[in-house]
Amino acid sequence: MKVLACDGIHDDGLALFRDAGWEVVVSDPIKDPAALAAALAGVDAVLVRSATAVSAQALAGAQGLRVIGRAGAGVDTIDVDAATERGIAVMNAPDGNTLAAAEHAISLLFALARHIPRADAGMKAGHWPKAGLTGFELEGKKLGVIGLGRIGGTVARKAQGIGMEVAAYDPFLPASAAGKGSVPLKTLDELLAWADIVTLHIPRTKETTNLLSEASMRSMKKGAYIVNAARGGLVDETALLKLLDEGHLGGAALDTFATEPLQADSPLRAHPKLILTPHLGASTSEAQQAVSTILARQILDFINTGAVAGCVNLPPLTAEAAREVGPWMPLMSALGRLAARLVPAPTRLHISYAGRTAGLDTRPLTRLLVAALLGPASGRVTPVNALQEATARGLTVAETLGGDGDGFDRLLRLRVEGEGPHQQPVVREIEATLHRGPRVVRLDGVEIEFDPQAFVLLLRNEDRPGMIGAVGSQLGAAGINIVNFALGAAGDGQARAAITIDKPVTDEQLALLRATPGILSLQQV
């Protein structure tokens, strides 16, 4: 396995990959998409911060890439849609830099209130710049927090600790959440009209780009201040300069910008009412160490077990839910491969999770099964893009939860419809459980047990004496050992058998077995 680490990823995280036997390639930021595409050849995972943008162009030829890891919170420099389409997981580590980002926002509040950068610059230039630098006290001021997630919530708590009155607007929280926490929620219009200082802590999306437009900033109090230590593009920079020049806004502090690095000739640089820092929100040694190790563990777990902690384009799982679904994951992949052999061109899949289903999050399980079902027909189907691929191929996926487990603690029922090997309509039904190990317990209504992860021959034969011996003799002559032979009568003069063997059967040996009198069909899965 190979990981490419760009943008100065902390070595503590890289050490975890090395300890796991991975090849680690360290690179400076790669800003040219073609150069990044070339660097991704043969790479299983790539780690970036904010300098290297992972575009659709860079991903176009990344055949083996399985994970993109963002050592931080924001993924706006990663084309998540393009990654999802290619089945590539996108992970971030939002918890690692929470404290660093929140403390930087608070430091910008203090810097604005007391003109610290201008005072420092004046002193170092040989002046005593006391006149004109009268500041204001933060205690008692109204702080409007836009985005009450991990970082915004920490900023709110710390601001309350220094005596500020805090309220928030969060576009991702339901209105019913208002009044349930220690920070009251307002609409955006209400918050902007109320606050003395507005601080932003939301991701940049299509909906939040230029959230603070000229019109919205004009609705703020005259002399109000803005802090943006979240993502560039949340504030209309041209409109901000205009309102600062007019005196409508008292000042602003920006740590992030619409274009980074900020252009040398940007008018933002020279404005006396602006405090600028070069995207330092997560730039503490503690934060960089934390995000690198968190991200490395997430990626290693994902590759080794399929766990999806920190994955932005897969359904999130709590630790408790992950423990519940973990044992089912290998079985789901095996059942998907089995279903693909039974129905090569599926058009409809119905999955029923029966029995005790409380606490079972079926989303990753369904995605795993669909990915395995569709995988043989495509070179790139993973749980990340499995449902999108199903839709594109005309496969309808449905599931039900609950119902009778037929004596099993949990019973999984699959019904797969589509076209068989000779383009004939076919319906196959599989029932499986984890009771006494992963195993199929019924196939097309016939009770036969086998492990779908093993080498198995599925046999349909005339229900008459001597069939087991005939098949066993031929396998023995071929040097193939029978591990388990499960036989069930279908009730129509035929029998079904699942023969677990110790190694695969060759095409020549299959042809000989199929020619045995009384064998109606034989399939290796």
# chains A, B, ... in the order shown; residues from 1 in each chain; ligands from 1

$ select_by_dssp --residues "stretch 438-516 of chain A" --states "alpha helix (DSSP H)" --output "list in words"
Met467, Ile468, Gly469, Ala470, Val471, Gly472, Ser473, Gln474, Leu475, Gly476, Ala477, Asp507, Glu508, Gln509, Leu510, Ala511, Leu512, Leu513 and Arg514 of chain A

$ residues_around --residues "A:Ala111" --least-positions-apart "5" --cutoff "10 Å" --atoms "only C-alpha atoms" --output "number ranges by chain"
A: 105-106, 116-119, 135, 253, 275

$ write_last_selection --atoms "C-alpha atoms" --output "PDB file, in the first residue's frame"
ATOM      1  CA  ALA A 105     -11.018  33.352  16.123  1.00  0.00           C
ATOM      2  CA  ILE A 106     -11.001  34.601  19.701  1.00  0.00           C
ATOM      3  CA  ILE A 116      -3.019  45.206  18.289  1.00  0.00           C
ATOM      4  CA  PRO A 117      -1.523  44.784  14.778  1.00  0.00           C
ATOM      5  CA  ARG A 118      -1.463  48.548  14.071  1.00  0.00           C
ATOM      6  CA  ALA A 119      -0.022  49.269  17.503  1.00  0.00           C
ATOM      7  CA  GLY A 135     -10.300  50.281  21.424  1.00  0.00           C
ATOM      8  CA  ALA A 253     -10.414  40.222  10.612  1.00  0.00           C
ATOM      9  CA  ILE A 275      -6.555  42.469  10.112  1.00  0.00           C
TER      10      ILE A 275
END

$ select_by_dssp --residues "stretch 210-411 of chain A" --states "strand (DSSP E)" --output "PyMOL selection string"
chain A and resi 224-228+249-254+274-276+345-355+396-401+410-411

$ write_last_selection --atoms "C-alpha atoms" --output "tab-separated table (two decimals), in the first residue's frame"
chain	number	residue	atom	x	y	z
A	224	ALA	CA	-20.14	46.40	13.56
A	225	TYR	CA	-17.22	44.03	13.03
A	226	ILE	CA	-16.74	40.74	11.13
A	227	VAL	CA	-14.38	37.81	11.83
A	228	ASN	CA	-13.93	35.06	9.26
A	249	LEU	CA	-18.51	48.53	9.17
A	250	GLY	CA	-15.98	49.30	11.88
A	251	GLY	CA	-13.48	46.63	10.81
A	252	ALA	CA	-12.93	43.00	9.98
A	253	ALA	CA	-10.41	40.22	10.61
A	254	LEU	CA	-9.87	37.60	7.93
A	274	LEU	CA	-8.59	44.97	8.12
A	275	ILE	CA	-6.56	42.47	10.11
A	276	LEU	CA	-5.25	39.65	7.93
A	345	ALA	CA	-27.63	-8.71	-14.96
A	346	PRO	CA	-29.70	-7.68	-11.91
A	347	THR	CA	-32.55	-5.22	-12.27
A	348	ARG	CA	-34.07	-5.34	-8.80
A	349	LEU	CA	-32.63	-6.10	-5.38
A	350	HIS	CA	-34.67	-6.35	-2.22
A	351	ILE	CA	-32.87	-6.75	1.10
A	352	SER	CA	-34.80	-7.67	4.22
A	353	TYR	CA	-33.10	-7.33	7.61
A	354	ALA	CA	-35.26	-9.53	9.85
A	355	GLY	CA	-35.17	-10.50	13.51
A	396	THR	CA	-33.66	-0.75	-8.13
A	397	VAL	CA	-32.53	-1.26	-4.54
A	398	ALA	CA	-35.08	-1.58	-1.75
A	399	GLU	CA	-34.84	-2.73	1.83
A	400	THR	CA	-37.08	-3.52	4.77
A	401	LEU	CA	-36.16	-3.63	8.43
A	410	ARG	CA	-30.94	-11.85	12.81
A	411	LEU	CA	-31.77	-13.14	9.36

$ closest_atom_pairs --of "stretch 166-281 of chain A" --to "stretch 69-78 of chain A" --cutoff "10 Å" --atoms "only C-alpha atoms" --output "JSON lines"
{"residue": "A:Ile202", "atom": "CA", "partner": "A:Gly74", "partner_atom": "CA", "distance": 9.2}
{"residue": "A:Pro203", "atom": "CA", "partner": "A:Gly74", "partner_atom": "CA", "distance": 6.4}
{"residue": "A:Arg204", "atom": "CA", "partner": "A:Asp76", "partner_atom": "CA", "distance": 6.5}
{"residue": "A:Thr205", "atom": "CA", "partner": "A:Asp76", "partner_atom": "CA", "distance": 7.6}
{"residue": "A:Ala230", "atom": "CA", "partner": "A:Gly74", "partner_atom": "CA", "distance": 8.6}
{"residue": "A:Arg231", "atom": "CA", "partner": "A:Gly74", "partner_atom": "CA", "distance": 7.8}
{"residue": "A:Gly232", "atom": "CA", "partner": "A:Asp76", "partner_atom": "CA", "distance": 9.7}

$ write_last_selection --atoms "C-alpha atoms" --output "compact mmCIF listing (two decimals), in the first residue's frame"
# COMPACT_ATOMS: atom_id res chain seq x y z
CA ILE A 202 -19.45 27.17 8.55
CA PRO A 203 -18.16 25.28 5.51
CA ARG A 204 -18.14 26.89 2.09
CA THR A 205 -20.83 25.38 -0.10
CA ALA A 230 -13.63 29.57 8.63
CA ARG A 231 -13.49 29.45 4.84
CA GLY A 232 -12.72 31.99 2.14

$ residues_around --residues "A:Leu133" --least-positions-apart "3" --cutoff "12 Å" --atoms "only C-alpha atoms" --output "VMD selection string"
chain A and resid 111 to 120 122 128 to 130 136 272 to 273

$ closest_residue --among "A:Gly336, A:Gly402, A:Pro267, A:Pro278" --to "A:Ala372" --atoms "only C-alpha atoms"
A:Gly336

$ residues_around --residues "A:Thr84" --least-positions-apart "2" --cutoff "12 Å" --atoms "only C-alpha atoms" --output "PDB file with C-alpha atoms, in the first residue's frame"
ATOM      1  CA  ALA A  56     -11.782  16.120 -11.040  1.00  0.00           C
ATOM      2  CA  LEU A  59      -8.645  12.228 -10.237  1.00  0.00           C
ATOM      3  CA  LEU A  65      -6.829   5.628  -5.382  1.00  0.00           C
ATOM      4  CA  ARG A  66      -9.155   4.561  -2.581  1.00  0.00           C
ATOM      5  CA  VAL A  67      -9.056   7.438  -0.070  1.00  0.00           C
ATOM      6  CA  ILE A  68      -8.486  11.192  -0.062  1.00  0.00           C
ATOM      7  CA  ILE A  78     -11.478  18.498  -2.881  1.00  0.00           C
ATOM      8  CA  ASP A  79     -13.980  17.715  -5.636  1.00  0.00           C
ATOM      9  CA  VAL A  80     -16.084  15.431  -3.469  1.00  0.00           C
ATOM     10  CA  ASP A  81     -18.614  14.757  -6.245  1.00  0.00           C
ATOM     11  CA  ALA A  82     -15.890  13.617  -8.629  1.00  0.00           C
ATOM     12  CA  ARG A  86     -15.116   7.267  -8.929  1.00  0.00           C
ATOM     13  CA  GLY A  87     -15.809   5.388  -5.684  1.00  0.00           C
ATOM     14  CA  ILE A  88     -13.110   7.201  -3.710  1.00  0.00           C
ATOM     15  CA  ALA A  89     -13.753   7.864  -0.021  1.00  0.00           C
ATOM     16  CA  VAL A  90     -13.118  11.421   1.193  1.00  0.00           C
ATOM     17  CA  MET A  91     -12.176  11.726   4.864  1.00  0.00           C
ATOM     18  CA  CYS A 311     -15.893   9.923   5.801  1.00  0.00           C
ATOM     19  CA  VAL A 312     -17.816  12.839   4.262  1.00  0.00           C
ATOM     20  CA  ASN A 313     -19.247  10.881   1.319  1.00  0.00           C
ATOM     21  CA  LEU A 314     -20.449   7.824   3.210  1.00  0.00           C
ATOM     22  CA  ARG A 380     -14.805   0.793 -10.235  1.00  0.00           C
ATOM     23  CA  VAL A 381     -17.695   0.209  -7.833  1.00  0.00           C
ATOM     24  CA  THR A 382     -17.145   0.751  -4.123  1.00  0.00           C
ATOM     25  CA  PRO A 383     -19.499   1.437  -1.202  1.00  0.00           C
ATOM     26  CA  VAL A 384     -18.913   5.144  -1.889  1.00  0.00           C
ATOM     27  CA  ASN A 385     -20.558   5.157  -5.321  1.00  0.00           C
ATOM     28  CA  ALA A 386     -22.541   1.899  -5.181  1.00  0.00           C
ATOM     29  CA  LEU A 387     -26.013   3.455  -4.979  1.00  0.00           C
ATOM     30  CA  GLN A 388     -25.239   5.989  -7.708  1.00  0.00           C
ATOM     31  CA  GLU A 389     -23.974   3.156  -9.929  1.00  0.00           C
TER      32      GLU A 389
END

$ residues_around --residues "stretch 33-40 of chain A" --least-positions-apart "5" --cutoff "8 Å" --atoms "only C-alpha atoms" --output "PyMOL selection string"
chain A and resi 4+46+53-55+57-62+65

$ write_last_selection --atoms "N, CA and C atoms" --output "mmCIF file, in the first residue's frame"
data_model
loop_
_atom_site.group_PDB
_atom_site.id
_atom_site.type_symbol
_atom_site.label_atom_id
_atom_site.label_comp_id
_atom_site.auth_asym_id
_atom_site.auth_seq_id
_atom_site.Cartn_x
_atom_site.Cartn_y
_atom_site.Cartn_z
ATOM 1 N N LEU A 4 0.494 9.084 -0.444
ATOM 2 C CA LEU A 4 1.166 10.317 -0.843
ATOM 3 C C LEU A 4 0.736 11.412 0.118
ATOM 4 N N VAL A 46 -4.178 9.578 -0.552
ATOM 5 C CA VAL A 46 -3.463 10.852 -0.629
ATOM 6 C C VAL A 46 -3.930 11.730 0.524
ATOM 7 N N ALA A 53 -5.061 21.235 -4.164
ATOM 8 C CA ALA A 53 -6.465 21.047 -4.530
ATOM 9 C C ALA A 53 -6.610 19.752 -5.320
ATOM 10 N N VAL A 54 -7.523 18.913 -4.895
ATOM 11 C CA VAL A 54 -7.753 17.628 -5.567
ATOM 12 C C VAL A 54 -8.980 17.789 -6.460
ATOM 13 N N SER A 55 -8.734 18.042 -7.731
ATOM 14 C CA SER A 55 -9.800 18.338 -8.690
ATOM 15 C C SER A 55 -10.224 17.084 -9.444
ATOM 16 N N GLN A 57 -10.022 16.763 -12.593
ATOM 17 C CA GLN A 57 -8.955 16.501 -13.569
ATOM 18 C C GLN A 57 -7.844 15.653 -12.955
ATOM 19 N N ALA A 58 -7.481 15.972 -11.716
ATOM 20 C CA ALA A 58 -6.414 15.212 -11.057
ATOM 21 C C ALA A 58 -6.842 13.775 -10.779
ATOM 22 N N LEU A 59 -8.150 13.558 -10.580
ATOM 23 C CA LEU A 59 -8.645 12.228 -10.237
ATOM 24 C C LEU A 59 -8.942 11.365 -11.449
ATOM 25 N N ALA A 60 -8.956 11.958 -12.639
ATOM 26 C CA ALA A 60 -9.425 11.245 -13.829
ATOM 27 C C ALA A 60 -8.676 9.944 -14.079
ATOM 28 N N GLY A 61 -7.374 9.930 -13.826
ATOM 29 C CA GLY A 61 -6.611 8.719 -14.095
ATOM 30 C C GLY A 61 -6.159 7.967 -12.858
ATOM 31 N N ALA A 62 -6.723 8.331 -11.694
ATOM 32 C CA ALA A 62 -6.280 7.720 -10.430
ATOM 33 C C ALA A 62 -6.984 6.382 -10.226
ATOM 34 N N LEU A 65 -6.621 4.782 -6.559
ATOM 35 C CA LEU A 65 -6.829 5.628 -5.382
ATOM 36 C C LEU A 65 -8.111 5.228 -4.661
#

$ residues_around --residues "stretch 504-507 of chain A" --least-positions-apart "2" --cutoff "10 Å" --atoms "only C-alpha atoms" --output "PyMOL selection string"
chain A and resi 454-457+475+478-480+500-502+509-513+524-525

$ write_last_selection --atoms "N, CA and C atoms" --output "CSV table (one decimal), in the first residue's frame"
chain,number,residue,atom,x,y,z
A,454,ALA,N,-16.3,-19.1,1.2
A,454,ALA,CA,-15.5,-20.3,0.8
A,454,ALA,C,-15.6,-20.6,-0.7
A,455,PHE,N,-14.9,-21.6,-1.2
A,455,PHE,CA,-15.0,-22.1,-2.5
A,455,PHE,C,-16.2,-23.0,-2.5
A,456,VAL,N,-17.2,-22.7,-3.3
A,456,VAL,CA,-18.5,-23.5,-3.2
A,456,VAL,C,-19.0,-23.8,-4.7
A,457,LEU,N,-19.4,-25.1,-4.8
A,457,LEU,CA,-20.1,-25.5,-6.0
A,457,LEU,C,-21.6,-25.6,-5.7
A,475,LEU,N,-14.7,-35.3,-8.0
A,475,LEU,CA,-13.8,-34.3,-7.3
A,475,LEU,C,-12.6,-35.0,-6.7
A,478,ALA,N,-10.0,-35.5,-9.1
A,478,ALA,CA,-9.3,-34.3,-9.5
A,478,ALA,C,-8.4,-33.7,-8.4
A,479,GLY,N,-8.3,-34.4,-7.3
A,479,GLY,CA,-7.5,-34.0,-6.2
A,479,GLY,C,-8.1,-32.8,-5.4
A,480,ILE,N,-9.4,-32.7,-5.4
A,480,ILE,CA,-10.2,-31.7,-4.7
A,480,ILE,C,-10.9,-32.3,-3.5
A,500,THR,N,-18.9,-27.4,-0.5
A,500,THR,CA,-17.7,-26.5,-0.1
A,500,THR,C,-16.5,-27.3,-0.3
A,501,ILE,N,-15.5,-26.8,-1.1
A,501,ILE,CA,-14.3,-27.5,-1.5
A,501,ILE,C,-13.1,-26.7,-1.1
A,502,ASP,N,-11.9,-27.3,-1.1
A,502,ASP,CA,-10.7,-26.7,-0.5
A,502,ASP,C,-10.0,-25.8,-1.5
A,509,GLN,N,-12.6,-29.3,-15.4
A,509,GLN,CA,-13.2,-30.1,-14.4
A,509,GLN,C,-14.7,-29.8,-14.3
A,510,LEU,N,-15.1,-28.6,-14.4
A,510,LEU,CA,-16.5,-28.2,-14.3
A,510,LEU,C,-17.2,-28.8,-15.5
A,511,ALA,N,-16.6,-28.8,-16.7
A,511,ALA,CA,-17.3,-29.4,-17.8
A,511,ALA,C,-17.5,-30.9,-17.6
A,512,LEU,N,-16.6,-31.6,-17.1
A,512,LEU,CA,-16.7,-33.0,-16.8
A,512,LEU,C,-17.8,-33.3,-15.8
A,513,LEU,N,-17.9,-32.4,-14.7
A,513,LEU,CA,-18.9,-32.6,-13.7
A,513,LEU,C,-20.3,-32.4,-14.3
A,524,GLN,N,-19.9,-22.7,-10.1
A,524,GLN,CA,-18.9,-22.4,-9.1
A,524,GLN,C,-19.1,-20.9,-8.7
A,525,VAL,N,-19.1,-20.7,-7.3
A,525,VAL,CA,-19.2,-19.3,-6.8
A,525,VAL,C,-18.1,-19.0,-5.8

$ closest_residue --among "A:Gly394, A:Thr208, A:Gly161, A:Lys124" --to "A:Gly147" --atoms "only C-alpha atoms"
A:Thr208

$ residues_around --residues "stretch 192-194 of chain A" --least-positions-apart "5" --cutoff "12 Å" --atoms "only C-alpha atoms" --output "VMD selection string"
chain A and resid 141 to 146 165 to 169 185 to 187 199 to 200 211 to 213 215 to 226

$ decode --residues "stretch 285-322 of chain A" --atoms "N, CA and C atoms" --output "JSON list (two decimals), in the first residue's frame"
[["chain", "number", "residue", "atom", "x", "y", "z"],
["A", 285, "SER", "N", 1.05, 23.36, 16.67],
["A", 285, "SER", "CA", 1.72, 22.05, 16.63],
["A", 285, "SER", "C", 0.80, 20.96, 17.17],
["A", 286, "GLU", "N", -0.01, 21.31, 18.18],
["A", 286, "GLU", "CA", -0.92, 20.31, 18.76],
["A", 286, "GLU", "C", -1.98, 19.89, 17.74],
["A", 287, "ALA", "N", -2.52, 20.88, 17.02],
["A", 287, "ALA", "CA", -3.57, 20.57, 16.05],
["A", 287, "ALA", "C", -3.04, 19.74, 14.90],
["A", 288, "GLN", "N", -1.86, 20.10, 14.37],
["A", 288, "GLN", "CA", -1.32, 19.37, 13.24],
["A", 288, "GLN", "C", -0.97, 17.93, 13.61],
["A", 289, "GLN", "N", -0.48, 17.75, 14.82],
["A", 289, "GLN", "CA", -0.20, 16.39, 15.29],
["A", 289, "GLN", "C", -1.50, 15.61, 15.41],
["A", 290, "ALA", "N", -2.51, 16.24, 15.99],
["A", 290, "ALA", "CA", -3.78, 15.55, 16.23],
["A", 290, "ALA", "C", -4.46, 15.16, 14.92],
["A", 291, "VAL", "N", -4.57, 16.11, 13.97],
["A", 291, "VAL", "CA", -5.29, 15.78, 12.73],
["A", 291, "VAL", "C", -4.55, 14.72, 11.93],
["A", 292, "SER", "N", -3.23, 14.72, 11.98],
["A", 292, "SER", "CA", -2.49, 13.71, 11.21],
["A", 292, "SER", "C", -2.70, 12.31, 11.76],
["A", 293, "THR", "N", -2.69, 12.17, 13.08],
["A", 293, "THR", "CA", -2.86, 10.84, 13.66],
["A", 293, "THR", "C", -4.32, 10.38, 13.57],
["A", 294, "ILE", "N", -5.26, 11.30, 13.77],
["A", 294, "ILE", "CA", -6.68, 10.94, 13.62],
["A", 294, "ILE", "C", -6.95, 10.46, 12.20],
["A", 295, "LEU", "N", -6.45, 11.22, 11.22],
["A", 295, "LEU", "CA", -6.69, 10.87, 9.82],
["A", 295, "LEU", "C", -6.03, 9.54, 9.46],
["A", 296, "ALA", "N", -4.81, 9.34, 9.91],
["A", 296, "ALA", "CA", -4.12, 8.09, 9.61],
["A", 296, "ALA", "C", -4.87, 6.89, 10.16],
["A", 297, "ARG", "N", -5.33, 6.98, 11.40],
["A", 297, "ARG", "CA", -6.07, 5.86, 12.00],
["A", 297, "ARG", "C", -7.37, 5.60, 11.23],
["A", 298, "GLN", "N", -8.06, 6.67, 10.82],
["A", 298, "GLN", "CA", -9.30, 6.51, 10.07],
["A", 298, "GLN", "C", -9.04, 5.79, 8.74],
["A", 299, "ILE", "N", -8.00, 6.20, 8.05],
["A", 299, "ILE", "CA", -7.71, 5.59, 6.75],
["A", 299, "ILE", "C", -7.29, 4.14, 6.90],
["A", 300, "LEU", "N", -6.44, 3.85, 7.87],
["A", 300, "LEU", "CA", -6.02, 2.46, 8.10],
["A", 300, "LEU", "C", -7.20, 1.58, 8.48],
["A", 301, "ASP", "N", -8.10, 2.10, 9.32],
["A", 301, "ASP", "CA", -9.29, 1.33, 9.68],
["A", 301, "ASP", "C", -10.18, 1.10, 8.47],
["A", 302, "PHE", "N", -10.31, 2.12, 7.63],
["A", 302, "PHE", "CA", -11.14, 2.01, 6.44],
["A", 302, "PHE", "C", -10.60, 0.93, 5.49],
["A", 303, "ILE", "N", -9.31, 0.96, 5.26],
["A", 303, "ILE", "CA", -8.69, -0.01, 4.35],
["A", 303, "ILE", "C", -8.77, -1.42, 4.93],
["A", 304, "ASN", "N", -8.54, -1.54, 6.24],
["A", 304, "ASN", "CA", -8.45, -2.86, 6.87],
["A", 304, "ASN", "C", -9.80, -3.47, 7.19],
["A", 305, "THR", "N", -10.78, -2.62, 7.58],
["A", 305, "THR", "CA", -12.05, -3.15, 8.07],
["A", 305, "THR", "C", -13.28, -2.58, 7.37],
["A", 306, "GLY", "N", -13.11, -1.52, 6.59],
["A", 306, "GLY", "CA", -14.28, -0.89, 5.98],
["A", 306, "GLY", "C", -14.94, 0.14, 6.86],
["A", 307, "ALA", "N", -14.37, 0.44, 8.04],
["A", 307, "ALA", "CA", -14.95, 1.44, 8.93],
["A", 307, "ALA", "C", -14.94, 2.81, 8.25],
["A", 308, "VAL", "N", -15.96, 3.62, 8.52],
["A", 308, "VAL", "CA", -16.12, 4.87, 7.77],
["A", 308, "VAL", "C", -16.12, 6.10, 8.68],
["A", 309, "ALA", "N", -15.38, 6.07, 9.76],
["A", 309, "ALA", "CA", -15.28, 7.25, 10.62],
["A", 309, "ALA", "C", -14.65, 8.39, 9.84],
["A", 310, "GLY", "N", -15.23, 9.59, 9.95],
["A", 310, "GLY", "CA", -14.67, 10.77, 9.31],
["A", 310, "GLY", "C", -14.87, 10.83, 7.82],
["A", 311, "CYS", "N", -15.69, 9.95, 7.25],
["A", 311, "CYS", "CA", -15.89, 9.92, 5.80],
["A", 311, "CYS", "C", -17.05, 10.85, 5.44],
["A", 312, "VAL", "N", -16.79, 11.85, 4.58],
["A", 312, "VAL", "CA", -17.82, 12.84, 4.26],
["A", 312, "VAL", "C", -18.74, 12.38, 3.14],
["A", 313, "ASN", "N", -18.37, 11.34, 2.39],
["A", 313, "ASN", "CA", -19.25, 10.88, 1.32],
["A", 313, "ASN", "C", -19.74, 9.45, 1.54],
["A", 314, "LEU", "N", -19.78, 9.05, 2.79],
["A", 314, "LEU", "CA", -20.45, 7.82, 3.21],
["A", 314, "LEU", "C", -21.26, 8.12, 4.46],
["A", 315, "PRO", "N", -22.35, 7.39, 4.71],
["A", 315, "PRO", "CA", -23.14, 7.65, 5.91],
["A", 315, "PRO", "C", -22.30, 7.51, 7.17],
["A", 316, "PRO", "N", -22.39, 8.47, 8.08],
["A", 316, "PRO", "CA", -21.59, 8.36, 9.31],
["A", 316, "PRO", "C", -22.10, 7.25, 10.21],
["A", 317, "LEU", "N", -21.19, 6.69, 10.98],
["A", 317, "LEU", "CA", -21.54, 5.64, 11.94],
["A", 317, "LEU", "C", -21.02, 6.02, 13.31],
["A", 318, "THR", "N", -21.87, 5.86, 14.32],
["A", 318, "THR", "CA", -21.38, 6.02, 15.67],
["A", 318, "THR", "C", -20.51, 4.81, 16.02],
["A", 319, "ALA", "N", -19.72, 4.95, 17.07],
["A", 319, "ALA", "CA", -18.85, 3.84, 17.48],
["A", 319, "ALA", "C", -19.69, 2.61, 17.82],
["A", 320, "GLU", "N", -20.83, 2.84, 18.48],
["A", 320, "GLU", "CA", -21.70, 1.71, 18.85],
["A", 320, "GLU", "C", -22.27, 1.04, 17.61],
["A", 321, "ALA", "N", -22.71, 1.86, 16.63],
["A", 321, "ALA", "CA", -23.26, 1.31, 15.40],
["A", 321, "ALA", "C", -22.19, 0.55, 14.62],
["A", 322, "ALA", "N", -20.96, 1.07, 14.63],
["A", 322, "ALA", "CA", -19.87, 0.39, 13.92],
["A", 322, "ALA", "C", -19.61, -0.99, 14.51]]
